[in-house]
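Colleague: I am attaching a structure below and will ask some questions about it afterwards.
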Amino acid sequence: MESDEPLIYRVGTFFYVIGGGAFVLFVVSDVAKQADYDFFFTALLMFVVGGILRRSKPAPPSAGRFAWFRKTMDERKNKKGKDSKKK
């Protein structure tokens, strides 16, 4: 079970799943006309904790797909800057 995701990120996903299950239980209890708000508040708490833990994952490195385009645009911008200074 090799994964490049850090453990804290996976724990955040786990809290999302538990929060989703608690929310489903809340909806089912509401449909049964015996709404149990403990499930709702548990789901809300789990979503918040999961969001905090998942947010800590660093951004992936750039794939470099548009490197040529950015380089071309920068060269064009620099060329326009030099032309306007000459006038």
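Identifiers in this document derive from the order of the structure tokens: chains are assigned A, B, ..., residues are numbered from 1 separately in each chain, and ligands are numbered from 1 in order of occurrence.
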List every residue of region 54-74 of chain A that has an atom at most 12 Å from any atom of region 5-29 of chain A, giving for each one its closest atom pair and the distance in Å to one decimal, counting only C-alpha atoms, sorted by chain and then by ascending residue number, as a Markdown table.

Modeller:
```
| residue | atom | partner | partner_atom | distance |
| --- | --- | --- | --- | --- |
| A:Arg54 | CA | A:Tyr9 | CA | 4.8 |
| A:Arg55 | CA | A:Tyr9 | CA | 7.8 |
| A:Ser56 | CA | A:Tyr9 | CA | 7.2 |
| A:Lys57 | CA | A:Tyr9 | CA | 6.3 |
| A:Pro58 | CA | A:Pro6 | CA | 9.7 |
| A:Ala59 | CA | A:Glu5 | CA | 11.5 |
| A:Pro60 | CA | A:Glu5 | CA | 10.8 |
```

Colleague: As number ranges by chain, please: every residue in chain A that DSSP puts in helix (DSSP H, G or I).

Modeller: A: 7-31, 37-55, 67-86

Colleague: Have a look at CA of Gly51 (chain A) and CA of Gly64 (chain A) and let me know their distance in Å, one decimal.

Modeller: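 Pair CA of Gly51 (chain A) / CA of Gly64 (chain A) returns 28.5 Å.
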
Colleague: Report, in Å to a single decimal, how far apart CA of Val49 (chain A) and CA of Ala32 (chain A) are.

Modeller: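 Distance reported for this atom pair: 28.3 Å.
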